[in-house]
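Asks: The structure file data-v3.tsv (TSV, C-alpha atoms) is provided below.
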chain	number	residue	atom	x	y	z
A	4	MET	CA	-15.80	25.17	-5.12
A	5	THR	CA	-19.56	24.81	-4.58
A	6	ASP	CA	-22.11	23.72	-7.17
A	7	ASN	CA	-23.18	27.35	-7.69
A	8	THR	CA	-19.67	28.53	-8.55
A	9	LEU	CA	-19.00	25.87	-11.18
A	10	THR	CA	-19.78	26.51	-14.84
A	11	PHE	CA	-21.19	23.80	-17.06
A	12	GLU	CA	-17.77	23.26	-18.64
A	13	GLN	CA	-16.13	23.00	-15.21
A	14	ILE	CA	-18.71	20.45	-14.05
A	15	LYS	CA	-18.14	18.46	-17.22
A	16	ASP	CA	-14.39	18.59	-16.70
A	17	GLU	CA	-14.69	17.54	-13.04
A	18	PHE	CA	-17.06	14.71	-13.92
A	19	LEU	CA	-14.63	13.31	-16.48
A	20	LYS	CA	-11.73	13.56	-14.02
A	21	CYS	CA	-13.74	11.62	-11.43
A	22	LYS	CA	-14.76	9.01	-13.97
A	23	LYS	CA	-11.17	8.50	-15.06
A	24	SER	CA	-9.64	8.31	-11.58
A	25	PRO	CA	-11.17	6.81	-8.43
A	26	GLU	CA	-8.36	8.48	-6.47
A	27	TYR	CA	-9.37	11.91	-7.75
A	28	PHE	CA	-13.04	11.18	-7.06
A	29	ILE	CA	-12.39	10.04	-3.49
A	30	SER	CA	-9.81	12.66	-2.59
A	31	ASN	CA	-11.96	15.56	-3.83
A	32	TYR	CA	-15.57	14.53	-3.25
A	33	ILE	CA	-15.89	11.76	-0.65
A	34	LYS	CA	-16.67	12.60	2.97
A	35	VAL	CA	-16.45	10.16	5.87
A	36	ILE	CA	-17.32	10.22	9.54
A	37	HIS	CA	-14.24	10.42	11.73
A	38	PRO	CA	-14.77	9.07	15.29
A	39	ILE	CA	-13.41	12.30	16.81
A	40	ARG	CA	-13.65	15.04	14.15
A	41	GLY	CA	-17.06	14.11	12.73
A	42	LEU	CA	-17.79	14.53	9.02
A	43	VAL	CA	-14.52	15.20	7.18
A	44	ASN	CA	-13.06	15.01	3.69
A	45	PHE	CA	-11.49	11.64	2.96
A	46	GLU	CA	-7.90	12.74	2.46
A	47	LEU	CA	-6.02	9.68	1.27
A	48	TYR	CA	-2.65	8.89	2.84
A	49	PRO	CA	0.14	7.59	0.56
A	50	PHE	CA	-0.34	3.97	1.64
A	51	GLN	CA	-4.10	4.30	1.03
A	52	LYS	CA	-3.43	5.63	-2.47
A	53	ARG	CA	-1.26	2.57	-3.04
A	54	ILE	CA	-4.12	0.31	-1.96
A	55	LEU	CA	-6.54	2.10	-4.25
A	56	GLY	CA	-4.16	1.96	-7.21
A	57	ASP	CA	-3.64	-1.78	-6.79
A	58	ILE	CA	-7.33	-2.67	-6.47
A	59	GLN	CA	-8.00	-0.61	-9.59
A	60	GLU	CA	-5.17	-2.21	-11.58
A	61	TYR	CA	-5.61	-5.89	-10.65
A	62	GLN	CA	-8.63	-8.12	-11.08
A	63	SER	CA	-8.05	-9.98	-7.80
A	64	THR	CA	-6.36	-8.41	-4.77
A	65	ILE	CA	-5.78	-9.61	-1.22
A	66	LEU	CA	-4.90	-7.03	1.43
A	67	ARG	CA	-3.24	-7.88	4.75
A	68	LYS	CA	-3.91	-4.87	6.94
A	69	PHE	CA	-3.39	-3.48	10.42
A	70	ARG	CA	-6.19	-2.11	12.58
A	71	GLN	CA	-7.62	1.32	11.83
A	72	ALA	CA	-6.01	1.46	8.38
A	73	GLY	CA	-9.17	2.75	6.70
A	74	ALA	CA	-9.10	-0.14	4.23
A	75	THR	CA	-12.81	-0.96	4.51
A	76	THR	CA	-13.65	2.71	3.97
A	77	ILE	CA	-11.45	2.76	0.86
A	78	CYS	CA	-13.27	-0.29	-0.52
A	79	ALA	CA	-16.64	1.32	0.28
A	80	ALA	CA	-15.64	4.50	-1.57
A	81	TYR	CA	-14.31	2.47	-4.49
A	82	ALA	CA	-17.61	0.53	-4.65
A	83	LEU	CA	-19.51	3.83	-4.86
A	84	TRP	CA	-17.22	5.12	-7.64
A	85	PHE	CA	-17.59	1.78	-9.45
A	86	CYS	CA	-21.40	2.02	-9.47
A	87	ILE	CA	-21.68	5.73	-10.29
A	88	PHE	CA	-19.52	5.48	-13.40
A	89	ASN	CA	-20.65	2.03	-14.61
A	90	SER	CA	-24.22	1.00	-15.37
A	91	HIS	CA	-25.79	-2.41	-14.71
A	92	LYS	CA	-23.02	-3.47	-12.31
A	93	THR	CA	-23.46	-5.48	-9.10
A	94	VAL	CA	-21.24	-5.00	-6.07
A	95	ILE	CA	-21.48	-7.60	-3.30
A	96	VAL	CA	-19.94	-6.85	0.11
A	97	LEU	CA	-19.63	-9.98	2.23
A	98	SER	CA	-18.99	-9.36	5.93
A	99	LYS	CA	-18.48	-11.51	9.03
A	100	ASP	CA	-21.93	-10.72	10.49
A	101	ASP	CA	-25.10	-8.77	9.79
A	102	ASP	CA	-24.12	-5.71	11.82
A	103	ALA	CA	-20.85	-5.41	9.90
A	104	SER	CA	-22.62	-5.79	6.55
A	105	LYS	CA	-25.13	-3.02	7.38
A	106	GLU	CA	-22.31	-0.82	8.67
A	107	VAL	CA	-20.50	-0.91	5.30
A	108	VAL	CA	-23.68	0.09	3.43
A	109	GLY	CA	-24.16	2.85	6.00
A	110	ARG	CA	-20.75	4.29	5.15
A	111	ILE	CA	-21.57	4.24	1.43
A	112	ARG	CA	-24.91	5.93	2.11
A	113	VAL	CA	-23.17	8.83	3.90
A	114	MET	CA	-20.66	9.15	1.06
A	115	HIS	CA	-23.46	9.27	-1.50
A	116	GLU	CA	-25.53	11.80	0.46
A	117	GLU	CA	-22.59	14.22	0.74
A	118	LEU	CA	-21.78	14.27	-2.98
A	119	PRO	CA	-22.54	17.45	-4.93
A	120	GLU	CA	-25.84	17.24	-6.81
A	121	TRP	CA	-24.24	17.06	-10.26
A	122	LEU	CA	-22.23	14.01	-9.15
A	123	LYS	CA	-24.94	12.28	-7.11
A	124	PRO	CA	-27.06	9.74	-9.02
A	125	ALA	CA	-30.65	9.25	-7.89
A	126	LEU	CA	-31.49	6.10	-5.95
A	127	LYS	CA	-34.09	3.57	-7.03
A	128	LYS	CA	-33.76	1.65	-3.75
A	129	ASP	CA	-32.25	2.53	-0.38
A	130	ALA	CA	-32.46	-0.22	2.27
A	131	GLU	CA	-30.34	-1.57	5.13
A	132	HIS	CA	-28.50	-4.03	2.90
A	133	THR	CA	-29.06	-2.58	-0.57
A	134	ILE	CA	-28.46	0.64	-2.49
A	135	LYS	CA	-29.63	0.67	-6.11
A	136	PHE	CA	-28.85	3.55	-8.45
A	137	GLU	CA	-30.81	4.99	-11.34
A	138	ASN	CA	-28.25	3.54	-13.79
A	139	LEU	CA	-29.30	0.10	-12.44
A	140	SER	CA	-25.99	-0.56	-10.70
A	141	VAL	CA	-26.47	-1.93	-7.21
A	142	ILE	CA	-24.50	-2.45	-3.98
A	143	ARG	CA	-25.63	-5.31	-1.74
A	144	SER	CA	-24.20	-6.38	1.60
A	145	LYS	CA	-24.48	-9.86	3.05
A	146	ALA	CA	-23.52	-11.64	6.25
A	147	SER	CA	-21.56	-14.87	5.98
A	148	GLY	CA	-23.35	-18.20	5.86
A	149	LYS	CA	-22.96	-21.59	4.22
A	150	GLN	CA	-25.24	-20.61	1.34
A	151	SER	CA	-23.96	-17.04	0.92
A	152	GLY	CA	-21.89	-17.87	-2.14
A	153	ARG	CA	-24.73	-19.59	-4.00
A	154	SER	CA	-26.56	-16.36	-4.75
A	155	ILE	CA	-23.49	-14.26	-5.55
A	156	SER	CA	-23.23	-13.00	-9.11
A	157	ALA	CA	-21.01	-9.97	-8.85
A	158	SER	CA	-19.13	-7.52	-11.01
A	159	LEU	CA	-17.17	-6.63	-7.86
A	160	LEU	CA	-16.95	-8.85	-4.78
A	161	ILE	CA	-15.56	-7.38	-1.54
A	162	LEU	CA	-14.69	-9.86	1.23
A	163	ASP	CA	-14.41	-7.65	4.31
A	164	GLU	CA	-12.42	-9.10	7.24
A	165	ALA	CA	-12.09	-12.28	5.20
A	166	ALA	CA	-10.10	-14.11	7.89
A	167	PHE	CA	-13.15	-13.93	10.18
A	168	ILE	CA	-15.87	-14.94	7.69
A	169	GLU	CA	-17.38	-18.31	8.56
A	170	HIS	CA	-17.66	-20.91	5.79
A	171	ILE	CA	-15.56	-18.75	3.49
A	172	ASP	CA	-14.02	-21.80	1.78
A	173	THR	CA	-17.51	-22.93	0.76
A	174	ILE	CA	-18.56	-19.38	-0.12
A	175	TRP	CA	-15.48	-18.83	-2.28
A	176	ALA	CA	-15.89	-22.16	-4.08
A	177	ALA	CA	-19.44	-21.13	-5.02
A	178	ALA	CA	-18.73	-17.47	-5.80
A	179	SER	CA	-15.44	-17.65	-7.69
A	180	PRO	CA	-16.91	-19.06	-10.95
A	181	THR	CA	-19.10	-15.93	-11.28
A	182	LEU	CA	-15.93	-13.83	-11.30
A	183	SER	CA	-14.20	-15.88	-14.00
A	184	THR	CA	-15.83	-13.81	-16.76
A	185	GLY	CA	-14.11	-10.59	-15.72
A	186	GLY	CA	-15.45	-9.62	-12.31
A	187	LYS	CA	-13.16	-8.15	-9.66
A	188	VAL	CA	-12.57	-9.41	-6.13
A	189	ILE	CA	-11.02	-7.62	-3.14
A	190	ALA	CA	-10.25	-9.70	-0.03
A	191	LEU	CA	-9.11	-7.63	2.93
A	192	SER	CA	-8.54	-8.51	6.56
A	193	THR	CA	-6.51	-8.28	9.69
A	194	VAL	CA	-4.96	-11.69	10.30
A	195	ASN	CA	-6.60	-14.41	12.35
A	196	GLY	CA	-4.09	-17.19	12.86
A	197	VAL	CA	-2.87	-19.68	10.29
A	198	GLY	CA	-4.47	-22.46	8.27
A	199	ASN	CA	-7.61	-20.53	7.30
A	200	TRP	CA	-8.71	-19.41	3.83
A	201	PHE	CA	-7.24	-15.91	4.14
A	202	HIS	CA	-3.84	-17.19	5.31
A	203	ARG	CA	-3.74	-19.81	2.55
A	204	ILE	CA	-4.77	-17.46	-0.28
A	205	TYR	CA	-2.43	-14.70	0.92
A	206	THR	CA	0.52	-17.13	1.21
A	207	GLU	CA	-0.18	-18.51	-2.26
A	208	ALA	CA	-0.39	-14.95	-3.62
A	209	ILE	CA	2.99	-14.07	-2.13
A	210	ASN	CA	4.44	-17.22	-3.75
A	211	LYS	CA	2.70	-16.38	-7.06
A	212	GLU	CA	0.68	-19.61	-6.87
A	213	ASN	CA	-2.70	-18.01	-7.59
A	214	ALA	CA	-4.16	-15.03	-9.43
A	215	PHE	CA	-4.40	-12.73	-6.40
A	216	HIS	CA	-2.17	-9.68	-6.15
A	217	PRO	CA	-0.99	-9.30	-2.53
A	218	ILE	CA	-1.03	-5.90	-0.83
A	219	ASP	CA	0.88	-5.35	2.41
A	220	ILE	CA	0.67	-2.27	4.60
A	221	LYS	CA	2.48	-1.47	7.86
A	222	TRP	CA	1.25	0.65	10.77
A	223	GLN	CA	4.48	2.68	10.48
A	224	GLU	CA	3.17	3.99	7.13
A	225	HIS	CA	0.26	5.77	8.83
A	226	PRO	CA	1.04	9.53	8.95
A	227	GLU	CA	-0.91	10.00	12.18
A	228	TYR	CA	1.74	7.90	13.92
A	229	HIS	CA	4.58	10.22	12.83
A	230	PRO	CA	3.17	13.63	11.84
A	231	VAL	CA	6.19	15.81	12.55
A	232	GLN	CA	8.64	15.84	9.65
A	233	GLY	CA	12.17	15.10	10.82
A	234	PHE	CA	11.00	13.47	14.05
A	235	GLU	CA	9.30	10.42	12.56
A	236	TYR	CA	11.34	7.81	14.44
A	237	LEU	CA	10.88	9.49	17.84
A	238	TYR	CA	7.16	9.87	17.33
A	239	ILE	CA	6.74	6.27	16.21
A	240	GLN	CA	8.56	5.12	19.33
A	241	ASP	CA	6.35	7.36	21.50
A	242	TRP	CA	3.16	6.11	19.86
A	243	TYR	CA	4.39	2.53	20.15
A	244	LYS	CA	5.09	2.88	23.88
A	245	LYS	CA	1.67	4.39	24.57
A	246	ASN	CA	-0.28	1.79	22.61
A	247	ARG	CA	1.79	-1.39	22.83
A	248	THR	CA	0.88	-2.01	26.48
A	249	LYS	CA	-2.83	-2.15	25.61
A	250	TYR	CA	-2.31	-5.51	23.90
A	251	THR	CA	-0.67	-8.83	24.66
A	252	PHE	CA	2.35	-9.71	22.55
A	253	ARG	CA	0.22	-12.06	20.49
A	254	GLU	CA	-2.57	-9.50	19.99
A	255	TRP	CA	-0.10	-6.79	18.95
A	256	ARG	CA	1.62	-9.06	16.46
A	257	GLN	CA	-1.73	-9.98	14.92
A	258	GLU	CA	-3.55	-6.63	14.98
A	259	TYR	CA	-0.70	-4.24	14.10
A	260	GLU	CA	2.29	-6.23	12.83
A	261	CYS	CA	-0.01	-8.30	10.55
A	262	SER	CA	1.76	-11.46	11.68
A	263	PHE	CA	0.14	-14.83	11.04
A	264	GLU	CA	0.37	-16.20	14.58
A	265	GLY	CA	-0.73	-19.79	15.22
A	266	THR	CA	-4.25	-20.26	16.54
A	267	GLY	CA	-4.67	-21.08	20.21
A	268	ASP	CA	-2.03	-20.96	22.92
A	269	THR	CA	1.31	-22.67	22.41
A	270	TYR	CA	3.24	-24.59	25.06
A	271	ILE	CA	6.15	-22.21	24.55
A	272	ASP	CA	5.13	-18.56	24.69
A	273	SER	CA	4.69	-17.06	21.20
A	274	GLU	CA	7.03	-14.17	22.03
A	275	ILE	CA	9.84	-16.67	22.60
A	276	LEU	CA	9.03	-18.53	19.38
A	277	VAL	CA	9.08	-15.27	17.37
A	278	SER	CA	12.36	-14.25	18.99
A	279	LEU	CA	13.92	-17.61	18.13
A	280	LYS	CA	12.78	-17.33	14.51
A	281	GLU	CA	13.94	-13.73	14.08
A	282	ASN	CA	17.33	-14.34	15.70
A	283	CYS	CA	18.21	-17.62	13.99
A	284	ASN	CA	21.87	-17.78	12.95
A	285	LYS	CA	21.97	-17.76	9.15
A	286	ASP	CA	25.57	-19.01	9.05
A	287	TYR	CA	24.99	-22.70	8.27
A	288	TYR	CA	25.37	-25.21	5.45
A	289	ILE	CA	22.89	-27.84	4.32
A	290	LYS	CA	22.97	-31.59	3.84
A	291	TYR	CA	20.62	-34.32	2.61
A	292	ASN	CA	18.94	-32.20	-0.07
A	293	ASN	CA	18.17	-29.27	2.22
A	294	ARG	CA	16.73	-31.44	5.01
A	295	MET	CA	19.55	-30.76	7.48
A	296	ARG	CA	21.20	-27.53	8.60
A	297	VAL	CA	24.64	-27.60	10.21
A	298	TRP	CA	25.96	-24.63	12.19
A	299	LYS	CA	29.05	-26.29	13.64
A	300	ASP	CA	30.97	-29.42	12.77
A	301	PRO	CA	31.90	-31.77	15.63
A	302	ASP	CA	34.66	-30.74	18.03
A	303	PRO	CA	36.76	-33.85	18.89
A	304	HIS	CA	36.94	-32.74	22.53
A	305	HIS	CA	33.17	-32.26	23.07
A	306	GLU	CA	30.29	-34.63	23.75
A	307	TYR	CA	26.97	-34.34	21.91
A	308	ALA	CA	23.35	-35.39	22.36
A	309	LEU	CA	21.00	-36.13	19.45
A	310	ALA	CA	17.28	-35.92	20.32
A	311	ALA	CA	14.99	-37.46	17.70
A	312	ASP	CA	11.25	-37.12	17.09
A	313	PRO	CA	10.22	-39.63	14.38
A	314	SER	CA	6.97	-39.48	12.42
A	315	ILE	CA	5.18	-41.29	9.65
A	316	GLY	CA	6.28	-38.43	7.39
A	317	ARG	CA	3.17	-37.17	5.63
A	318	GLU	CA	1.84	-33.62	5.13
A	319	ARG	CA	2.51	-31.63	8.36
A	320	ASP	CA	3.83	-34.64	10.29
A	321	TYR	CA	7.61	-34.18	10.26
A	322	SER	CA	10.51	-36.30	11.46
A	323	ALA	CA	13.13	-34.18	13.18
A	324	PHE	CA	16.24	-34.29	15.30
A	325	GLN	CA	18.46	-31.75	17.04
A	326	ILE	CA	22.13	-32.14	17.84
A	327	ILE	CA	23.20	-30.31	21.02
A	328	ASP	CA	26.72	-29.68	22.28
A	329	ILE	CA	26.61	-30.96	25.88
A	330	TYR	CA	29.65	-28.85	26.75
A	331	ASN	CA	27.84	-25.52	26.29
A	332	GLY	CA	24.20	-26.36	25.41
A	333	GLU	CA	24.55	-24.96	21.90
A	334	GLN	CA	22.49	-26.31	19.03
A	335	VAL	CA	24.94	-27.33	16.29
A	336	ALA	CA	22.66	-29.06	13.75
A	337	GLU	CA	19.04	-29.91	12.99
A	338	PHE	CA	17.14	-32.20	10.64
A	339	TYR	CA	13.53	-31.63	9.50
A	340	SER	CA	11.60	-33.59	6.86
A	341	ASN	CA	8.17	-35.00	6.06
A	342	ARG	CA	9.39	-37.21	3.22
A	343	THR	CA	12.06	-39.37	4.82
A	344	PRO	CA	11.17	-43.05	5.44
A	345	ILE	CA	11.86	-44.32	8.94
A	346	ASN	CA	14.69	-46.64	7.85
A	347	GLU	CA	16.43	-43.77	6.02
A	348	PHE	CA	15.83	-41.50	9.02
A	349	ALA	CA	17.54	-44.11	11.24
A	350	LYS	CA	20.51	-44.33	8.85
A	351	ILE	CA	20.97	-40.52	8.88
A	352	ILE	CA	20.80	-40.48	12.69
A	353	ALA	CA	23.39	-43.25	12.97
A	354	ASP	CA	25.74	-41.54	10.51
A	355	GLU	CA	25.43	-38.12	12.16
A	356	GLY	CA	25.60	-39.60	15.66
A	357	ARG	CA	28.89	-41.33	14.85
A	358	ALA	CA	30.22	-38.16	13.21
A	359	TYR	CA	29.49	-36.22	16.39
A	360	ASN	CA	31.73	-38.43	18.53
A	361	THR	CA	29.14	-41.20	18.89
A	362	ALA	CA	26.58	-38.82	20.32
A	363	TYR	CA	24.03	-39.86	22.89
A	364	VAL	CA	20.88	-40.63	20.87
A	365	LEU	CA	17.53	-40.14	22.57
A	366	SER	CA	14.39	-41.02	20.61
A	367	GLU	CA	10.70	-40.84	21.28
A	368	ARG	CA	9.65	-44.42	22.04
A	369	ASN	CA	5.91	-44.57	21.34
A	370	GLY	CA	4.40	-45.57	18.00
A	371	ILE	CA	6.84	-45.40	15.12
A	372	GLY	CA	9.61	-44.47	17.56
A	373	ASN	CA	9.89	-48.17	18.42
A	374	ASN	CA	10.64	-48.90	14.76
A	375	LEU	CA	13.34	-46.22	14.77
A	376	ILE	CA	14.98	-47.68	17.87
A	377	TYR	CA	14.84	-51.18	16.34
A	378	PHE	CA	16.61	-49.98	13.18
A	379	LEU	CA	19.25	-48.11	15.21
A	380	LYS	CA	19.93	-51.01	17.59
A	381	GLU	CA	19.41	-54.21	15.59
A	382	THR	CA	20.14	-53.20	11.99
A	383	LEU	CA	22.63	-50.33	12.31
A	384	GLU	CA	24.10	-51.46	15.67
A	385	TYR	CA	24.33	-47.93	17.03
A	386	GLU	CA	26.08	-48.24	20.38
A	387	ASN	CA	25.07	-45.13	22.33
A	388	LEU	CA	21.29	-45.20	22.62
A	389	VAL	CA	19.94	-43.60	25.78
A	390	MET	CA	16.65	-44.38	27.55
A	391	ASP	CA	15.18	-42.38	30.41
Any chance you could give the structure as structure tokens?

Replies:
Amino acid sequence: MTDNTLTFEQIKDEFLKCKKSPEYFISNYIKVIHPIRGLVNFELYPFQKRILGDIQEYQSTILRKFRQAGATTICAAYALWFCIFNSHKTVIVLSKDDDASKEVVGRIRVMHEELPEWLKPALKKDAEHTIKFENLSVIRSKASGKQSGRSISASLLILDEAAFIEHIDTIWAAASPTLSTGGKVIALSTVNGVGNWFHRIYTEAINKENAFHPIDIKWQEHPEYHPVQGFEYLYIQDWYKKNRTKYTFREWRQEYECSFEGTGDTYIDSEILVSLKENCNKDYYIKYNNRMRVWKDPDPHHEYALAADPSIGRERDYSAFQIIDIYNGEQVAEFYSNRTPINEFAKIIADEGRAYNTAYVLSERNGIGNNLIYFLKETLEYENLVMD
């Protein structure tokens, strides 16, 4: 319906529906620019409705997304709804750089311009980084910087591509107190390795260790990748074959599978590491308070090798050993701990080595490895130490 065909009562009814539901507002009145089709209605897919429902329900959300999911556009549309139907509110969109921050405001500007007149509030300010409405609600975009968080006082904070925002730890430490009085925060991003703020906050959210509600979406949920009902699997496979070759294994895992790959290149190819992790035999039992996994007990007719990598045992510095069946090269047991003193580590190695038919024990010899060898040889009198 156009503005001219709506009665006053219909406009009132539509306005109240939009105010009550951001999904209704976006699905019926928001237009976006599609890279191929131009200006189109923003028809929300089921997974996008799920995103919208969660960011409306929870005060703090963190979204791990795949490329081209439309998540930034959803947040832009939600920000517009938030300001139209609430007065004196401040929305801050923090982006990885200035171009990205202006681009988000540009999307919101198009959405606002295409609204029907009865739903479109007048603007008091319209600039590259700021849109201010007549009800005194305002949307501001910022590029990341060390001091970005100092000037943030937001009713709604959107961290766009949070895994790529520089100084985000400092920014978050400064900005989070302003949200403690009831403000909302949405952190969304494709992944960018491990150990950064986004990876840490998302992992804590999954483990229910912080106040963020985690949202996960998969590229297989996107209807454009399987539009023909009844042939979804075949179409997904066809789309996958056409697009998978455009990316390295690592890039695909990060951009579309939303996998937190380690930063930088690894000595062993990441595809092999992922395959090992995904195909690990779950048929094992544990020893030493979950520090050791055993897949096979010793065979009296086989010989074994135990390769040990000792460490000081703090934080991410782990002591470990593997027990390998020399007869067939099969891994039969492993030990992994960052809280085992070196003398206890030596005792466990000696006990397990003897259990596995006095296995050949090979240890790293630099640093604390010398202490391990001393304990094994002089104190525990282990008789099958091997040195290359």

Asks: What gap, in Å, lies between CA of Gly56 (chain A) and CA of Thr76 (chain A)?

Replies: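 Here the two named atoms are 14.7 Å from each other.
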
Asks: Please determine, counting all atoms listed in the file, which residue among A:Lys145, A:His170, A:Lys34, A:Lys135 has the shortest atom-to-atom distance to Leu118 (chain A).

Replies: A:Lys34

Asks: Quick one: residues within 9 Å of Ser158 (chain A), all atoms listed in the file, excluding same-chain residues fewer than 4 positions away - as an MDAnalysis selection string?

Replies: chainID A and resid 92:95 181:182 185:188

Asks: With only C-alpha atoms counted, which protein, DNA or RNA residues have an atom no more than 10 Å from (-20.7, 0.5, -12.5) in the file frame? Please answer as a ChimeraX atom specification.

Replies: /A:82-94,136,138-142,158-159

Asks: Could you jot down the CA of Ala130 (chain A) to CA of Arg143 (chain A) separation for me, Å, one decimal place?

Replies: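 CA of Arg143 (chain A) lies 9.4 Å from CA of Ala130 (chain A).
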
Asks: Between CA of Thr184 (chain A) and CA of Arg53 (chain A), measure the distance and give it in Å to one decimal.

Replies: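 We find that CA of Thr184 (chain A) and CA of Arg53 (chain A) lie 25.9 Å from each other.
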
Asks: Name all residues at most 12 Å from Asn369 (chain A) (count all atoms listed in the file; drop same-chain ones fewer than 5 positions away) and give them as a compact mmCIF listing (two decimals) with C-alpha atoms, in the coordinates of the input.

Replies:
# COMPACT_ATOMS: atom_id res chain seq x y z
CA ASP A 312 11.25 -37.12 17.09
CA PRO A 313 10.22 -39.63 14.38
CA SER A 314 6.97 -39.48 12.42
CA ASN A 374 10.64 -48.90 14.76
CA LEU A 375 13.34 -46.22 14.77
CA ILE A 376 14.98 -47.68 17.87

Asks: Between A:Arg110, A:Lys52, A:Lys299, A:His37, which residue has the minimum interatomic distance to Val335 (chain A), considering all atoms listed in the file?

Replies: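 The closest residue to Val335 (chain A) is A:Lys299.
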
Asks: Hey, which of A:Val297, A:Ile39, A:Ala362, A:Val197 ends up closest to Ala310 (chain A)? Count only C-alpha atoms.

Replies: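 Selected residue with least distance to Ala310 (chain A): A:Ala362.
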